[in-house]
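*Asks:* For reference, this is run-v5.txt, and it has compact mmCIF, C-alpha atoms.
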```
# COMPACT_ATOMS: atom_id res chain seq x y z
CA MET A 1 0.00 0.00 0.00
CA SER A 2 2.80 2.44 0.97
CA GLU A 3 4.87 1.48 -2.06
CA LEU A 4 2.06 2.24 -4.51
CA GLY A 5 1.25 5.48 -2.66
CA ASP A 6 4.89 6.52 -3.03
CA ALA A 7 4.73 5.71 -6.74
CA LEU A 8 1.60 7.83 -7.18
CA ARG A 9 3.18 10.79 -5.40
CA ALA A 10 6.45 10.47 -7.31
CA ALA A 11 4.63 10.35 -10.65
CA ARG A 12 2.55 13.40 -9.76
CA GLU A 13 5.57 15.39 -8.63
CA ALA A 14 7.52 14.36 -11.72
CA ALA A 15 4.72 15.82 -13.82
CA GLY A 16 4.93 19.07 -11.86
CA LEU A 17 1.39 18.85 -10.52
CA SER A 18 0.32 19.96 -7.07
CA LEU A 19 -1.93 17.77 -4.95
CA SER A 20 -4.68 20.36 -5.34
CA ARG A 21 -4.41 20.17 -9.12
CA MET A 22 -4.45 16.34 -9.03
CA ALA A 23 -7.62 16.48 -6.92
CA GLN A 24 -9.25 18.64 -9.60
CA LEU A 25 -8.14 16.32 -12.40
CA THR A 26 -9.22 13.10 -10.70
CA HIS A 27 -12.34 14.41 -8.88
CA TYR A 28 -11.11 12.97 -5.57
CA SER A 29 -10.66 15.23 -2.56
CA LYS A 30 -7.21 16.59 -1.73
CA PRO A 31 -7.23 15.12 1.84
CA TYR A 32 -8.18 11.69 0.49
CA LEU A 33 -5.39 11.70 -2.08
CA SER A 34 -2.94 12.86 0.57
CA LEU A 35 -3.81 9.86 2.73
CA ILE A 36 -3.27 7.55 -0.23
CA GLU A 37 0.05 9.06 -1.23
CA ASN A 38 1.27 8.85 2.38
CA GLY A 39 0.36 5.17 2.67
CA LYS A 40 -2.51 5.71 5.11
CA ARG A 41 -5.25 4.57 2.74
CA ARG A 42 -5.29 1.71 0.28
CA PRO A 43 -5.06 2.99 -3.33
CA LEU A 44 -8.26 1.85 -5.03
CA PRO A 45 -8.15 0.64 -8.63
CA ASP A 46 -10.11 3.70 -9.77
CA VAL A 47 -7.69 6.07 -8.03
CA VAL A 48 -4.74 4.46 -9.78
CA THR A 49 -6.59 4.61 -13.10
CA ALA A 50 -7.41 8.30 -12.52
CA TYR A 51 -3.72 9.04 -11.88
CA GLU A 52 -2.75 7.09 -15.00
CA GLN A 53 -5.24 9.01 -17.14
CA ALA A 54 -4.20 12.39 -15.69
CA LEU A 55 -0.46 11.72 -16.03
CA GLY A 56 -0.44 9.50 -19.12
CA VAL A 57 1.76 6.84 -17.52
CA PRO A 58 1.06 3.28 -16.23
CA LEU A 59 1.27 3.04 -12.45
CA GLY A 60 -0.68 0.12 -11.01
CA SER A 61 -0.89 -3.64 -11.31
CA ASP A 62 -3.96 -5.47 -12.64
CA PRO A 63 -6.98 -4.03 -10.77
CA VAL A 64 -8.93 -7.28 -10.77
CA ARG A 65 -6.06 -9.13 -9.13
CA ARG A 66 -5.74 -6.41 -6.50
CA ALA A 67 -9.48 -6.55 -5.93
CA HIS A 68 -9.56 -10.27 -5.31
CA GLU A 69 -6.53 -10.05 -3.02
CA TRP A 70 -8.41 -7.47 -1.01
CA LEU A 71 -11.59 -9.55 -0.84
CA VAL A 72 -9.91 -12.34 1.11
CA SER A 73 -8.45 -10.04 3.78
CA ASP A 74 -9.98 -9.59 7.25
CA SER A 75 -12.27 -6.60 7.74
CA PRO A 76 -11.20 -3.84 10.16
CA ILE A 77 -14.27 -4.54 12.30
CA ALA A 78 -13.31 -8.16 12.79
CA VAL A 79 -9.71 -7.26 13.60
CA GLN A 80 -10.48 -4.57 16.15
CA CYS A 81 -13.46 -6.27 17.78
CA ARG A 82 -11.28 -9.28 18.53
CA SER A 83 -9.22 -6.97 20.71
CA GLY A 84 -12.33 -5.93 22.69
CA ARG A 85 -11.57 -2.21 22.54
CA ARG A 86 -14.12 0.60 22.58
CA VAL A 87 -15.06 1.81 19.12
CA GLY A 88 -13.28 5.07 18.36
CA ASP A 89 -12.32 7.30 15.46
CA SER A 90 -9.71 4.91 14.12
CA LEU A 91 -12.22 2.09 13.59
CA ALA A 92 -14.80 4.49 12.17
CA ASP A 93 -12.13 5.70 9.73
CA ALA A 94 -11.33 2.12 8.76
CA VAL A 95 -14.99 1.18 8.28
CA GLU A 96 -15.60 4.21 6.08
CA ALA A 97 -12.52 3.42 4.00
CA ARG A 98 -13.70 -0.19 3.69
CA VAL A 99 -17.05 0.97 2.32
CA VAL A 100 -15.27 3.10 -0.28
CA GLU A 101 -13.08 0.18 -1.30
CA LEU A 102 -16.03 -2.17 -1.69
CA ARG A 103 -17.93 0.41 -3.68
CA HIS A 104 -15.07 0.85 -6.14
CA LEU A 105 -14.59 -2.90 -6.39
CA ASP A 106 -18.07 -3.07 -7.88
CA ASP A 107 -16.51 -1.47 -10.96
CA VAL A 108 -14.18 -4.39 -11.60
CA VAL A 109 -15.56 -7.40 -9.68
CA GLY A 110 -18.73 -9.25 -10.71
CA SER A 111 -21.76 -9.28 -8.45
CA THR A 112 -21.54 -13.02 -7.80
CA ASP A 113 -18.08 -12.56 -6.28
CA LEU A 114 -18.74 -9.27 -4.54
CA LEU A 115 -22.15 -9.88 -2.97
CA PRO A 116 -20.95 -12.33 -0.27
CA ALA A 117 -18.26 -9.86 0.80
CA VAL A 118 -20.76 -7.00 1.04
CA ARG A 119 -23.23 -9.17 2.96
CA HIS A 120 -20.52 -10.11 5.45
CA GLU A 121 -19.30 -6.55 5.87
CA LEU A 122 -22.85 -5.26 6.33
CA SER A 123 -23.62 -7.93 8.93
CA GLU A 124 -20.52 -6.96 10.92
CA ALA A 125 -21.36 -3.26 10.68
CA GLU A 126 -24.94 -3.87 11.87
CA SER A 127 -23.66 -5.96 14.77
CA LEU A 128 -21.19 -3.23 15.70
CA VAL A 129 -23.94 -0.60 15.68
CA ARG A 130 -26.16 -2.78 17.87
CA ASN A 131 -23.58 -4.01 20.35
CA GLY A 132 -20.61 -1.64 20.24
CA SER A 133 -19.67 1.05 22.73
CA TYR A 134 -19.04 4.43 21.10
CA SER A 135 -19.71 8.16 21.26
CA GLU A 136 -22.71 9.82 19.61
CA VAL A 137 -20.53 11.23 16.83
CA THR A 138 -18.91 7.86 16.14
CA GLY A 139 -22.32 6.18 16.24
CA ARG A 140 -23.61 8.48 13.53
CA ARG A 141 -20.61 7.71 11.34
CA LEU A 142 -21.19 3.98 11.80
CA LEU A 143 -24.88 4.32 10.95
CA ILE A 144 -24.04 6.20 7.75
CA ALA A 145 -21.47 3.56 6.81
CA THR A 146 -24.10 0.88 7.45
CA GLY A 147 -26.58 2.69 5.22
CA GLU A 148 -23.99 3.01 2.47
CA LEU A 149 -23.14 -0.69 2.73
CA ALA A 150 -26.85 -1.51 2.50
CA GLN A 151 -27.16 0.61 -0.64
CA LEU A 152 -24.16 -1.10 -2.19
CA GLY A 153 -25.50 -4.51 -1.17
CA GLY A 154 -28.86 -3.72 -2.73
CA TRP A 155 -27.23 -2.57 -5.94
CA VAL A 156 -25.04 -5.67 -6.21
CA ALA A 157 -27.92 -8.01 -5.31
CA SER A 158 -30.08 -6.38 -7.97
CA ASP A 159 -27.32 -6.80 -10.53
CA ALA A 160 -27.26 -10.50 -9.62
CA GLY A 161 -31.04 -10.73 -10.18
CA LYS A 162 -31.83 -11.10 -6.46
CA TYR A 163 -34.53 -8.44 -6.43
CA ALA A 164 -36.27 -9.36 -3.18
CA GLU A 165 -32.97 -9.30 -1.30
CA ALA A 166 -32.08 -5.99 -2.93
CA GLN A 167 -35.34 -4.43 -1.77
CA ARG A 168 -34.81 -5.69 1.77
CA LEU A 169 -31.29 -4.26 1.84
CA TYR A 170 -32.37 -0.90 0.46
CA LEU A 171 -35.14 -0.49 3.02
CA GLY A 172 -32.87 -1.61 5.85
CA GLY A 173 -30.38 1.02 4.75
CA VAL A 174 -33.09 3.69 4.86
CA SER A 175 -33.56 2.92 8.55
CA ALA A 176 -29.86 3.39 9.26
CA ALA A 177 -29.63 6.57 7.19
CA SER A 178 -32.74 8.01 8.83
CA GLU A 179 -31.43 7.28 12.31
CA ALA A 180 -28.20 9.04 11.36
CA GLY A 181 -30.14 12.02 10.03
CA ASP A 182 -28.64 11.70 6.54
CA ALA A 183 -31.52 12.65 4.25
CA SER A 184 -29.43 12.50 1.08
CA LEU A 185 -28.35 8.92 1.78
CA ALA A 186 -31.93 7.90 2.57
CA ALA A 187 -33.00 9.48 -0.71
CA GLN A 188 -30.24 7.59 -2.55
CA LEU A 189 -31.52 4.30 -1.09
CA PHE A 190 -35.13 5.02 -2.08
CA SER A 191 -33.95 6.21 -5.49
CA SER A 192 -31.91 3.06 -6.04
CA LEU A 193 -34.97 0.98 -5.21
CA SER A 194 -37.04 3.04 -7.64
CA TYR A 195 -34.51 2.23 -10.37
CA GLN A 196 -34.94 -1.49 -9.74
CA ILE A 197 -38.73 -1.21 -9.69
CA ALA A 198 -38.69 0.74 -12.97
CA ASN A 199 -36.76 -2.10 -14.58
CA VAL A 200 -38.58 -5.15 -13.21
CA ALA A 201 -41.97 -4.01 -11.88
CA ASP A 202 -44.47 -1.13 -12.21
CA PRO A 203 -42.69 2.02 -13.47
CA HIS A 204 -45.49 4.20 -12.10
CA ASP A 205 -44.59 3.01 -8.59
CA ALA A 206 -40.96 3.67 -9.42
CA LEU A 207 -41.76 7.21 -10.54
CA LEU A 208 -43.59 8.00 -7.31
CA LEU A 209 -40.69 6.64 -5.29
CA ALA A 210 -38.08 8.54 -7.32
CA ARG A 211 -40.00 11.80 -6.99
CA SER A 212 -40.35 11.26 -3.26
CA ALA A 213 -36.59 10.78 -3.00
CA VAL A 214 -35.96 14.12 -4.74
CA LYS A 215 -38.41 15.94 -2.51
CA GLY A 216 -36.99 14.37 0.64
CA ALA A 217 -33.44 15.49 -0.16
CA ARG A 218 -34.04 19.24 -0.27
CA ASP A 219 -30.47 20.05 0.77
CA ALA A 220 -28.82 17.62 -1.67
CA THR A 221 -25.56 18.69 -3.24
CA PRO A 222 -25.54 19.26 -7.02
CA VAL A 223 -24.24 15.84 -8.06
CA VAL A 224 -26.54 14.03 -5.62
CA ARG A 225 -29.49 15.98 -6.98
CA THR A 226 -28.35 15.10 -10.50
CA LEU A 227 -28.39 11.40 -9.61
CA LEU A 228 -31.80 11.57 -7.96
CA LEU A 229 -33.26 13.40 -10.95
CA GLU A 230 -31.77 10.84 -13.34
CA ARG A 231 -33.79 8.14 -11.60
CA VAL A 232 -36.93 10.28 -12.04
CA ALA A 233 -36.10 10.65 -15.74
CA TRP A 234 -35.68 6.91 -16.18
CA ALA A 235 -38.94 6.07 -14.42
CA SER A 236 -40.70 8.77 -16.49
CA ALA A 237 -39.33 7.28 -19.69
CA LYS A 238 -40.47 3.81 -18.65
CA THR A 239 -44.01 5.20 -18.20
CA LYS A 240 -43.73 6.70 -21.74
CA ASP A 241 -44.17 10.25 -20.46
CA HIS A 242 -42.43 12.08 -23.31
CA ASP A 243 -42.81 15.66 -22.10
CA GLY A 244 -42.14 14.79 -18.48
CA THR A 245 -38.98 12.88 -19.31
CA ARG A 246 -37.54 15.72 -21.38
CA ARG A 247 -38.29 18.24 -18.64
CA VAL A 248 -36.51 16.10 -16.07
CA LEU A 249 -33.52 15.55 -18.37
CA ASP A 250 -33.25 19.34 -18.65
CA ALA A 251 -33.35 19.53 -14.85
CA VAL A 252 -30.56 16.90 -14.73
CA ASP A 253 -28.36 19.12 -16.89
CA ASP A 254 -29.19 22.17 -14.81
CA ALA A 255 -28.34 20.36 -11.57
CA TYR A 256 -25.03 19.05 -12.89
CA GLU A 257 -24.01 22.51 -14.07
CA GLN A 258 -24.14 23.61 -10.42
CA TRP A 259 -21.26 21.25 -9.55
CA SER A 260 -17.97 22.86 -8.58
CA PRO A 261 -14.75 21.60 -6.91
CA GLY A 262 -15.55 23.72 -3.86
CA ILE A 263 -18.70 21.74 -3.03
CA GLU A 264 -18.06 18.57 -1.05
CA GLU A 265 -20.02 15.69 -2.55
CA PRO A 266 -20.53 12.31 -0.85
CA GLU A 267 -18.11 9.71 -2.13
CA TRP A 268 -20.93 7.50 -3.39
CA VAL A 269 -21.50 9.77 -6.41
CA TYR A 270 -17.86 9.49 -7.53
CA TRP A 271 -18.89 7.71 -10.75
CA LEU A 272 -21.45 10.23 -12.02
CA ASN A 273 -20.03 12.38 -14.80
CA ARG A 274 -21.06 13.85 -18.13
CA ALA A 275 -20.66 10.52 -19.94
CA GLU A 276 -22.99 8.78 -17.49
CA ILE A 277 -25.54 11.57 -17.89
CA ASP A 278 -25.41 11.20 -21.67
CA VAL A 279 -25.89 7.42 -21.36
CA MET A 280 -29.04 7.95 -19.31
CA ALA A 281 -30.33 10.53 -21.78
CA GLY A 282 -29.69 8.10 -24.64
CA ARG A 283 -31.47 5.29 -22.84
CA CYS A 284 -34.44 7.54 -22.20
CA MET A 285 -34.59 8.48 -25.90
CA ILE A 286 -34.74 4.80 -26.82
CA GLU A 287 -37.54 4.19 -24.33
CA LEU A 288 -39.44 7.12 -25.84
CA GLY A 289 -39.08 5.75 -29.37
CA ASP A 290 -36.41 8.17 -30.60
CA PRO A 291 -33.34 5.92 -31.08
CA GLY A 292 -31.77 8.23 -33.65
CA LYS A 293 -31.04 10.79 -30.95
CA ALA A 294 -29.65 8.10 -28.66
CA GLU A 295 -26.88 6.80 -30.93
CA PRO A 296 -24.47 9.80 -30.81
CA LEU A 297 -24.88 10.14 -27.05
CA LEU A 298 -24.18 6.46 -26.44
CA SER A 299 -21.33 6.19 -28.94
CA ALA A 300 -19.41 9.09 -27.39
CA ALA A 301 -19.98 7.86 -23.84
CA VAL A 302 -18.89 4.29 -24.56
CA ALA A 303 -15.74 5.53 -26.31
CA SER A 304 -14.72 7.40 -23.15
CA TYR A 305 -15.43 4.60 -20.68
CA PRO A 306 -12.60 2.60 -19.02
CA GLU A 307 -12.49 -0.88 -20.55
CA GLU A 308 -11.76 -2.51 -17.18
CA HIS A 309 -15.30 -1.54 -16.13
CA SER A 310 -16.48 -4.47 -18.21
CA ARG A 311 -20.06 -4.73 -16.99
CA GLU A 312 -20.89 -1.08 -17.60
CA VAL A 313 -19.24 -1.12 -21.02
CA ALA A 314 -21.28 -4.23 -21.91
CA LEU A 315 -24.49 -2.61 -20.69
CA TYR A 316 -23.90 0.62 -22.57
CA LEU A 317 -22.93 -1.23 -25.72
CA SER A 318 -26.19 -3.16 -25.45
CA TRP A 319 -28.10 0.13 -25.50
CA LEU A 320 -26.05 1.28 -28.47
CA ALA A 321 -26.86 -2.00 -30.22
CA GLU A 322 -30.55 -1.45 -29.49
CA SER A 323 -30.41 2.06 -30.95
CA TYR A 324 -28.89 0.63 -34.15
CA ALA A 325 -31.47 -2.15 -34.30
CA ARG A 326 -34.39 0.23 -33.89
CA VAL A 327 -33.25 2.45 -36.77
CA GLY A 328 -32.70 -0.59 -39.01
CA ALA A 329 -28.89 -0.66 -38.95
CA LEU A 330 -28.87 -4.38 -38.25
CA ASP A 331 -25.24 -5.13 -39.16
CA ALA A 332 -24.04 -2.40 -36.81
CA ALA A 333 -26.37 -3.74 -34.14
CA ARG A 334 -24.99 -7.28 -34.48
CA ASP A 335 -21.38 -6.08 -34.39
CA THR A 336 -22.04 -3.94 -31.33
CA LEU A 337 -23.85 -6.75 -29.55
CA SER A 338 -20.90 -9.04 -30.26
CA ARG A 339 -18.56 -6.49 -28.65
CA ALA A 340 -20.89 -6.26 -25.67
CA ARG A 341 -20.81 -10.01 -25.20
CA GLY A 342 -17.03 -9.94 -25.09
CA PHE A 343 -17.05 -7.47 -22.21
CA ALA A 344 -19.89 -9.25 -20.42
CA SER A 345 -17.97 -12.53 -20.39
CA ARG A 346 -15.54 -10.93 -17.91
CA MET A 347 -18.26 -9.77 -15.47
CA PRO A 348 -21.53 -11.74 -15.78
CA SER A 349 -24.64 -9.83 -14.74
CA ALA A 350 -28.38 -10.43 -14.75
CA ARG A 351 -28.77 -6.97 -16.24
CA THR A 352 -26.54 -7.68 -19.22
CA HIS A 353 -28.25 -11.04 -19.75
CA ASP A 354 -31.67 -9.36 -19.90
CA ARG A 355 -30.37 -6.63 -22.17
CA PHE A 356 -28.82 -9.06 -24.64
CA ARG A 357 -32.01 -11.09 -24.80
CA LEU A 358 -34.01 -7.96 -25.68
CA VAL A 359 -31.62 -6.93 -28.46
CA GLU A 360 -31.57 -10.47 -29.83
CA THR A 361 -35.36 -10.36 -30.02
CA LEU A 362 -35.21 -7.13 -32.00
CA LEU A 363 -32.65 -8.59 -34.40
CA GLY A 364 -34.70 -11.74 -34.82
CA ALA A 365 -37.80 -9.74 -35.59
```
Just give me the structure as structure tokens.
*Replies:*
Amino acid sequence: MSELGDALRAAREAAGLSLSRMAQLTHYSKPYLSLIENGKRRPLPDVVTAYEQALGVPLGSDPVRRAHEWLVSDSPIAVQCRSGRRVGDSLADAVEARVVELRHLDDVVGSTDLLPAVRHELSEAESLVRNGSYSEVTGRRLLIATGELAQLGGWVASDAGKYAEAQRLYLGGVSAASEAGDASLAAQLFSSLSYQIANVADPHDALLLARSAVKGARDATPVVRTLLLERVAWASAKTKDHDGTRRVLDAVDDAYEQWSPGIEEPEWVYWLNRAEIDVMAGRCMIELGDPGKAEPLLSAAVASYPEEHSREVALYLSWLAESYARVGALDAARDTLSRARGFASRMPSARTHDRFRLVETLLGA
């Protein structure tokens, strides 16, 4: 961990970049990067990739290998609780860092492999909250970490096709977030559940839930509000509300334009950027029967996406393939679907399976 942190710092300094400038380029906070460079935090695969992209030099080893090495290590809760000590800031720091690591592992590790680790971590965090001895401030931090783990667990379970478990995890996380007084996290949990419902159940229920999440997070930061509005847009598109969807997509753009480096965003929106926003807009256009507008949005977004994020690349390629199929460009659709299958083979997902089946149906028809 220290060795890679040293390498990151040396590469940054060799490029003549300050830590503040690196934070701007990578969209990670300056204090967080400082901890990494000083060997006090484990460098996540995405952090290393961000440094590589900013500096134009290779720095890290294979992220999947690092991820699986991490998955078999003991959690900080298990290590410290074996010593019987009172829960303090150091353990809260470690738990929060663990949540961040697990969240970023979802980018490179399939849901089948990751879900057991998240379940185990969540169980330990819930036990610590119930049975540990800690201050009020530390307790709030642990509750928030528990809520974030529940959101991640729900997301991974949903990706694995375990929808009932995902719903249970999301709602359990709402309880933790509410007890901690974190309205934005509670809204994120409800919004994540609305996304699942829009995909596998009644989109009208999903739309009500997504709108409720936006209203309940009145003080949300710009990127959080962007994410919550995206879920409203998706549910609106699934209900075939053309005007409503376009209004919400405009609101998504407006919210994202309010982002600035001086506003501290929760770490759980680290992945949301312009490319992701364009992907959602393209998907909504397809749902509304306007695939011609979707193709340029999806093509540009896919071209900018890191290839090691195999599942997302496969998913977004599947939408691009659908846009081609719906405008009658069948050869392009088949070629794109074939590319998507190649990426999906590295990270199997219930979502990609369902997407491929839909595109195959269109091509067959």
*Asks:* Show me, as a PyMOL selection string, the residues that have an atom within 8 Å of stretch 231-236 of chain A when counting all atoms listed in the file, minus same-chain residues fewer than 2 positions from it.
*Replies:* chain A and resi 191-192+194-195+198+203-204+206-207+210-211+227-229+238-242+244-246+248-249+280+284
*Asks:* With a distance cut-off of 12 Å and all atoms listed in the file, select the neighbouring residues of A:Ser338, excluding the residue or stretch itself and same-chain residues fewer than 2 positions from it, and output the selection as a PyMOL selection string.
*Replies:* chain A and resi 314+317-318+320-321+331-336+340-345+356+359-360
*Asks:* For A:Leu149, which residue out of A:Asp182, A:Leu128, A:Ser349, A:Arg103 is the nearest one, using only C-alpha atoms?
*Replies:*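 Going through A:Asp182, A:Leu128, A:Ser349, A:Arg103 one by one, the smallest distance to A:Leu149 is for A:Arg103.
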*Asks:* For atom CA of A:Asp46 and atom CA of A:Gln188, determine how far apart the two atoms are, in Å to one decimal place.
*Replies:*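 Distance reported for this atom pair: 21.7 Å.
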*Asks:* Find the residues near A:Phe190: any atom within 8 Å, counting all atoms listed in the file, skip ones fewer than 6 places away on the same chain, and give them as a list in words.
*Replies:*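 Here the answer would be Tyr170, Leu171, Val174, Leu209, Ala210 and Ala213 of chain A.
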*Asks:* Could you give me, as a ChimeraX atom specification, the residues within 9 Å of A:Lys30, counting all atoms listed in the file and dropping anything in the same chain fewer than 6 positions from it?
*Replies:* /A:19-24
*Asks:* Skip stretch 135-146 of chain A itself and residues of its chain fewer than 3 positions away, then list as a PDB file with C-alpha atoms, keeping the file's coordinate frame all residues within 12 Å of it, counting all atoms listed in the file.
*Replies:*
```pdb
ATOM      1  CA  ILE A  77     -14.270  -4.540  12.300  1.00  0.00           C
ATOM      2  CA  ARG A  86     -14.120   0.600  22.580  1.00  0.00           C
ATOM      3  CA  VAL A  87     -15.060   1.810  19.120  1.00  0.00           C
ATOM      4  CA  GLY A  88     -13.280   5.070  18.360  1.00  0.00           C
ATOM      5  CA  ASP A  89     -12.320   7.300  15.460  1.00  0.00           C
ATOM      6  CA  SER A  90      -9.710   4.910  14.120  1.00  0.00           C
ATOM      7  CA  LEU A  91     -12.220   2.090  13.590  1.00  0.00           C
ATOM      8  CA  ALA A  92     -14.800   4.490  12.170  1.00  0.00           C
ATOM      9  CA  ASP A  93     -12.130   5.700   9.730  1.00  0.00           C
ATOM     10  CA  ALA A  94     -11.330   2.120   8.760  1.00  0.00           C
ATOM     11  CA  VAL A  95     -14.990   1.180   8.280  1.00  0.00           C
ATOM     12  CA  GLU A  96     -15.600   4.210   6.080  1.00  0.00           C
ATOM     13  CA  ALA A  97     -12.520   3.420   4.000  1.00  0.00           C
ATOM     14  CA  ARG A  98     -13.700  -0.190   3.690  1.00  0.00           C
ATOM     15  CA  VAL A  99     -17.050   0.970   2.320  1.00  0.00           C
ATOM     16  CA  VAL A 100     -15.270   3.100  -0.280  1.00  0.00           C
ATOM     17  CA  LEU A 102     -16.030  -2.170  -1.690  1.00  0.00           C
ATOM     18  CA  ARG A 103     -17.930   0.410  -3.680  1.00  0.00           C
ATOM     19  CA  VAL A 118     -20.760  -7.000   1.040  1.00  0.00           C
ATOM     20  CA  ARG A 119     -23.230  -9.170   2.960  1.00  0.00           C
ATOM     21  CA  HIS A 120     -20.520 -10.110   5.450  1.00  0.00           C
ATOM     22  CA  GLU A 121     -19.300  -6.550   5.870  1.00  0.00           C
ATOM     23  CA  LEU A 122     -22.850  -5.260   6.330  1.00  0.00           C
ATOM     24  CA  SER A 123     -23.620  -7.930   8.930  1.00  0.00           C
ATOM     25  CA  GLU A 124     -20.520  -6.960  10.920  1.00  0.00           C
ATOM     26  CA  ALA A 125     -21.360  -3.260  10.680  1.00  0.00           C
ATOM     27  CA  GLU A 126     -24.940  -3.870  11.870  1.00  0.00           C
ATOM     28  CA  SER A 127     -23.660  -5.960  14.770  1.00  0.00           C
ATOM     29  CA  LEU A 128     -21.190  -3.230  15.700  1.00  0.00           C
ATOM     30  CA  VAL A 129     -23.940  -0.600  15.680  1.00  0.00           C
ATOM     31  CA  ARG A 130     -26.160  -2.780  17.870  1.00  0.00           C
ATOM     32  CA  ASN A 131     -23.580  -4.010  20.350  1.00  0.00           C
ATOM     33  CA  GLY A 132     -20.610  -1.640  20.240  1.00  0.00           C
ATOM     34  CA  LEU A 149     -23.140  -0.690   2.730  1.00  0.00           C
ATOM     35  CA  ALA A 150     -26.850  -1.510   2.500  1.00  0.00           C
ATOM     36  CA  GLN A 151     -27.160   0.610  -0.640  1.00  0.00           C
ATOM     37  CA  LEU A 152     -24.160  -1.100  -2.190  1.00  0.00           C
ATOM     38  CA  GLY A 153     -25.500  -4.510  -1.170  1.00  0.00           C
ATOM     39  CA  LEU A 169     -31.290  -4.260   1.840  1.00  0.00           C
ATOM     40  CA  TYR A 170     -32.370  -0.900   0.460  1.00  0.00           C
ATOM     41  CA  LEU A 171     -35.140  -0.490   3.020  1.00  0.00           C
ATOM     42  CA  GLY A 172     -32.870  -1.610   5.850  1.00  0.00           C
ATOM     43  CA  GLY A 173     -30.380   1.020   4.750  1.00  0.00           C
ATOM     44  CA  VAL A 174     -33.090   3.690   4.860  1.00  0.00           C
ATOM     45  CA  SER A 175     -33.560   2.920   8.550  1.00  0.00           C
ATOM     46  CA  ALA A 176     -29.860   3.390   9.260  1.00  0.00           C
ATOM     47  CA  ALA A 177     -29.630   6.570   7.190  1.00  0.00           C
ATOM     48  CA  SER A 178     -32.740   8.010   8.830  1.00  0.00           C
ATOM     49  CA  GLU A 179     -31.430   7.280  12.310  1.00  0.00           C
ATOM     50  CA  ALA A 180     -28.200   9.040  11.360  1.00  0.00           C
ATOM     51  CA  GLY A 181     -30.140  12.020  10.030  1.00  0.00           C
ATOM     52  CA  ASP A 182     -28.640  11.700   6.540  1.00  0.00           C
ATOM     53  CA  ALA A 183     -31.520  12.650   4.250  1.00  0.00           C
ATOM     54  CA  SER A 184     -29.430  12.500   1.080  1.00  0.00           C
ATOM     55  CA  LEU A 185     -28.350   8.920   1.780  1.00  0.00           C
ATOM     56  CA  ALA A 186     -31.930   7.900   2.570  1.00  0.00           C
ATOM     57  CA  LEU A 189     -31.520   4.300  -1.090  1.00  0.00           C
ATOM     58  CA  PRO A 266     -20.530  12.310  -0.850  1.00  0.00           C
ATOM     59  CA  GLU A 267     -18.110   9.710  -2.130  1.00  0.00           C
ATOM     60  CA  TRP A 268     -20.930   7.500  -3.390  1.00  0.00           C
TER      61      TRP A 268
END
```
*Asks:* Using only C-alpha atoms for the distances, tell me which of A:Ser158, A:Asp107, A:Arg225, A:Ala50 is nearest to A:Ile197.
*Replies:* A:Ser158
*Asks:* Choose the residue, out of A:Asp243, A:Asp278, A:Glu257, A:Glu312, that has the smallest atom-to-atom separation from A:Glu230; count only C-alpha atoms.
*Replies:*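 The closest residue to A:Glu230 is A:Asp278.
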*Asks:* Of the candidates A:Glu308, A:Leu115, A:Leu315, A:Asn273, which one gets nearest to A:Thr49 if we count all atoms listed in the file?
*Replies:*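 The shortest atom-to-atom distance to A:Thr49 comes from A:Glu308.
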*Asks:* Can you measure atom CA of A:Pro43 to atom CA of A:Glu3 for me? One decimal in Å is fine.
*Replies:*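 Computed distance, atom CA of A:Pro43 to atom CA of A:Glu3, equals 10.1 Å.
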*Asks:* Between atom CA of A:Ala281 and atom CA of A:Thr221, what is the spacing in Å?
*Replies:*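 Separating atom CA of A:Thr221 from atom CA of A:Ala281 is a distance of 20.8 Å.
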*Asks:* Return the single residue from A:Val156, A:Val269, A:Ile286, A:Leu114 that is closest to A:Tyr28, with distances computed using all atoms listed in the file.
*Replies:*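 Selected residue with least distance to A:Tyr28: A:Val269.
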*Asks:* Which is closer to A:Gly39 than all the others in A:Arg12, A:Leu25, A:Gly5, A:Leu362, using all atoms listed in the file?
*Replies:*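 Ranked by minimum distance to A:Gly39, first place goes to A:Gly5.
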